[in-house]
Amino acid sequence: MKIYLNGKLVGREKANISVFDHGLLYGDGVFEGIRTYDGLIFRLKEHIDRLYKSADAIELEIPLTKQEVIKAVVRTLKANKLKDAYIRLVVTRGIGDLGLDPRKCGMPTVFIITDRIKLYPEKHYRNGLEIVTAKTRRNYPQALDPRIKSLNYLNNILAKIDAIKSGTEEAIMLTHDGNVAECTGDNIFIVRNSELITPPAEIGALEGITRDAVIGLTKKMNIPFHEKLIRMEDVYGAGEVFLTGTAAEIIPVIKIDDRSIGNGKPGEITKRLTAEFRKLTKTDGVRY
Ligand code: PXG
């Protein structure tokens with residue numbers, strides 16, 4: 001396996017980061033999780049744009065142009081001869097000292113790992129997923145905006161631990177004032193009276209690339225769609241619930257906190273969107 005690290009492709013055992021890197025010491029950095037389908041990088045431009053937006057939000061200057069980052073991604077994919085891959089693109093503040101001061105970090109660290117993709121077991125797509133509501137609330141946007149895809153994922157990890165302790169794989173995270181925000185690594189959608197609804201990202205959710213793709217599909221498919229605030233009562237009472245994410249794609253949810261959703265089976269709108277999304281992954285990407 002070859003890993004891109006600060007301009008070079010190195011073997012796995014040589015892909016090491018300093019213990020003084022502020023990405024490690026403080027979670028000071030940003031990242032992207034991108035996917036390729038049969039030699040097509042899905043929505044690469046959108047992922048790169050989001051990476052730069054995240055970096056800008058934490059005043060981190062990426063030492064490469066967007067075009068150079070794209071070239072580095074393609075170079076890494078080719079070196080590993082992967083056609084269906086998961087790409088982890090990371091930019092940290094770089095090597096500093098034991099203080100928080102980001103000015104001590106001379107040069108951001110950039111690395112790219114490309115690997116085979118690990119998916120949820122197929123049965124979850126067929127039968128639907130069981131999830132819970134996390135005890136842990138989503139970061140307050142005025143403290144650390146969840147729209148920033150930063151290396152600081154502890155908020156999500158605490159909610160993931162809530163999910164695991166409840167015997168499930170995913171958990172719904174609420175905002176400080178009880179609105180549904182998103183899950184630990186996926187956005188959430190509900191269907192109510194044939195209308196598709198997802199919470200607005202600004203209340204405390206990542207503007208997911210898969211979320212955007214699904215919103216785009218609703219226009220093409222004439223499915224009524226709105227961004228709206230939703231509470232857990234709305235989710236429990238929904239006809240359908242599904243999650244979206246780069247790794248998960250679109251995954252139906254059939255039980256939440258031991259309560260059945262709809263008729264307890266993946267819903268029709270979820271199935272139609274999944275079929276259209278699969279088509280999109282075959283066409284909507286950059287060939288390498
Ligand atoms: N919310 C959060 C908090 C996420 O981390 C999403 C929503 C979905 O966004 P995209 O752009 O992927 O549709 C994410 C994405 C991983 C992994 O390795 C995590 C994500 C994506 C890919 C891999 O855990 N999170």
# chains A, B, ... in the order shown; residues from 1 in each chain; ligands from 1
call {"tool": "closest_atom_pairs", "arguments": {"of": "chain A", "to": "ligand 1", "cutoff": "8 Å", "atoms": "only C-alpha atoms and all ligand atoms", "output": "Markdown table"}}
result
| residue | atom | partner | partner_atom_place_in_ligand_line | distance |
| --- | --- | --- | --- | --- |
| A:Glu32 | CA | ligand 1 | 21 (C) | 7.3 |
| A:Gly33 | CA | ligand 1 | 22 (C) | 4.3 |
| A:Ile34 | CA | ligand 1 | 22 (C) | 6.5 |
| A:Arg35 | CA | ligand 1 | 22 (C) | 8.0 |
| A:His47 | CA | ligand 1 | 11 (O) | 7.3 |
| A:Tyr86 | CA | ligand 1 | 23 (C) | 7.8 |
| A:Arg88 | CA | ligand 1 | 18 (O) | 7.6 |
| A:Pro146 | CA | ligand 1 | 3 (C) | 7.1 |
| A:Lys149 | CA | ligand 1 | 5 (O) | 7.0 |
| A:Asn156 | CA | ligand 1 | 3 (C) | 6.7 |
| A:Glu182 | CA | ligand 1 | 1 (N) | 6.2 |
| A:Cys183 | CA | ligand 1 | 1 (N) | 6.1 |
| A:Thr184 | CA | ligand 1 | 3 (C) | 5.0 |
| A:Gly185 | CA | ligand 1 | 4 (C) | 3.6 |
| A:Asp186 | CA | ligand 1 | 7 (C) | 3.7 |
| A:Asn187 | CA | ligand 1 | 7 (C) | 4.5 |
| A:Ala205 | CA | ligand 1 | 1 (N) | 6.2 |
| A:Leu206 | CA | ligand 1 | 1 (N) | 4.8 |
| A:Glu207 | CA | ligand 1 | 9 (O) | 6.6 |
| A:Gly208 | CA | ligand 1 | 9 (O) | 3.4 |
| A:Ile209 | CA | ligand 1 | 11 (O) | 3.7 |
| A:Thr210 | CA | ligand 1 | 13 (O) | 3.6 |
| A:Arg211 | CA | ligand 1 | 13 (O) | 5.6 |
| A:Asp212 | CA | ligand 1 | 13 (O) | 7.7 |
| A:Thr244 | CA | ligand 1 | 13 (O) | 5.9 |
| A:Gly245 | CA | ligand 1 | 13 (O) | 3.6 |
| A:Thr246 | CA | ligand 1 | 12 (O) | 3.6 |
| A:Ala247 | CA | ligand 1 | 22 (C) | 4.8 |
| A:Ala248 | CA | ligand 1 | 22 (C) | 7.9 |
| A:Glu249 | CA | ligand 1 | 13 (O) | 7.4 |
call {"tool": "select_by_dssp", "arguments": {"residues": "range 69-281 of chain A", "states": "strand (DSSP E or B)", "output": "MDAnalysis selection string"}}
result
chainID A and resid 86:92 95 109:115 129:133 150 171:174 180:183 187:192 195:198 225:227 240:245 249:256 259:260
call {"tool": "closest_atom_pairs", "arguments": {"of": "range 136-193 of chain A", "to": "range 266-284 of chain A", "cutoff": "10 Å", "atoms": "only C-alpha atoms", "output": "CSV"}}
result
residue,atom,partner,partner_atom,distance
A:Phe189,CA,A:Thr270,CA,9.5
A:Ile190,CA,A:Thr270,CA,9.4
A:Val191,CA,A:Ile269,CA,7.9
call {"tool": "residues_around", "arguments": {"residues": "Glu170 in chain A", "least_positions_apart": "5", "cutoff": "9 Å", "atoms": "only C-alpha atoms", "output": "ChimeraX atom specification"}}
result
/A:129-134,159-160,162-164,183-186
call {"tool": "write_last_selection", "arguments": {"atoms": "N, CA and C atoms", "output": "short mmCIF file (atom, residue, chain, number, x, y, z; two decimals), in the first residue's frame"}}
result
data_model
loop_
_atom_site.label_atom_id
_atom_site.label_comp_id
_atom_site.auth_asym_id
_atom_site.auth_seq_id
_atom_site.Cartn_x
_atom_site.Cartn_y
_atom_site.Cartn_z
N LEU A 129 -31.88 -0.72 9.08
CA LEU A 129 -30.98 -0.60 10.22
C LEU A 129 -31.77 -0.22 11.48
N GLU A 130 -31.27 -0.70 12.61
CA GLU A 130 -31.84 -0.29 13.90
C GLU A 130 -30.89 0.71 14.53
N ILE A 131 -31.39 1.85 14.94
CA ILE A 131 -30.51 2.85 15.57
C ILE A 131 -31.14 3.37 16.86
N VAL A 132 -30.43 4.24 17.55
CA VAL A 132 -30.94 4.81 18.81
C VAL A 132 -30.72 6.33 18.80
N THR A 133 -31.30 6.99 19.81
CA THR A 133 -30.98 8.39 20.02
C THR A 133 -29.80 8.46 20.97
N ALA A 134 -28.78 9.25 20.61
CA ALA A 134 -27.61 9.37 21.47
C ALA A 134 -27.92 10.25 22.68
N ALA A 159 -21.08 9.85 20.86
CA ALA A 159 -22.40 9.40 20.43
C ALA A 159 -22.33 7.99 19.85
N LYS A 160 -21.23 7.68 19.16
CA LYS A 160 -21.04 6.33 18.61
C LYS A 160 -20.96 5.32 19.78
N ASP A 162 -22.45 5.68 22.60
CA ASP A 162 -23.86 5.52 23.03
C ASP A 162 -24.55 4.46 22.16
N ALA A 163 -24.31 4.54 20.84
CA ALA A 163 -24.93 3.58 19.91
C ALA A 163 -24.46 2.16 20.22
N ILE A 164 -23.15 2.01 20.38
CA ILE A 164 -22.58 0.67 20.61
C ILE A 164 -23.11 0.07 21.92
N CYS A 183 -26.62 12.00 12.34
CA CYS A 183 -26.08 10.85 13.06
C CYS A 183 -24.57 11.04 13.20
N THR A 184 -23.88 10.04 13.76
CA THR A 184 -22.45 10.24 14.07
C THR A 184 -21.59 10.34 12.81
N GLY A 185 -22.04 9.70 11.71
CA GLY A 185 -21.27 9.78 10.47
C GLY A 185 -22.18 9.79 9.26
N ASP A 186 -23.42 10.17 9.46
CA ASP A 186 -24.41 10.17 8.38
C ASP A 186 -25.42 11.28 8.61
#
call {"tool": "closest_atom_pairs", "arguments": {"of": "range 158-182 of chain A", "to": "range 255-259 of chain A", "cutoff": "10 Å", "atoms": "only C-alpha atoms", "output": "JSON lines"}}
result
{"residue": "A:Ser166", "atom": "CA", "partner": "A:Asp257", "partner_atom": "CA", "distance": 8.9}
{"residue": "A:Thr168", "atom": "CA", "partner": "A:Ile256", "partner_atom": "CA", "distance": 9.8}
{"residue": "A:Glu170", "atom": "CA", "partner": "A:Ile256", "partner_atom": "CA", "distance": 10.0}
{"residue": "A:Ala171", "atom": "CA", "partner": "A:Ile256", "partner_atom": "CA", "distance": 8.8}
{"residue": "A:Ile172", "atom": "CA", "partner": "A:Ile256", "partner_atom": "CA", "distance": 8.9}
call {"tool": "residues_around", "arguments": {"residues": "Asn139 in chain A", "least_positions_apart": "3", "cutoff": "7 Å", "atoms": "only C-alpha atoms", "output": "JSON list (two decimals) with C-alpha atoms, in the first residue's frame"}}
result
[["chain", "number", "residue", "atom", "x", "y", "z"],
["A", 143, "ALA", "CA", -18.66, 26.61, 19.85],
["A", 144, "LEU", "CA", -17.52, 24.28, 17.06],
["A", 145, "ASP", "CA", -19.62, 24.28, 13.93],
["A", 146, "PRO", "CA", -20.47, 20.71, 12.83],
["A", 155, "ASN", "CA", -18.46, 14.61, 19.91],
["A", 204, "GLY", "CA", -25.58, 21.44, 13.69]]
call {"tool": "select_by_dssp", "arguments": {"residues": "range 60-185 of chain A", "states": "helix (DSSP H, G or I)", "output": "number ranges by chain"}}
result
A: 66-79, 102-104, 122-127, 154-165
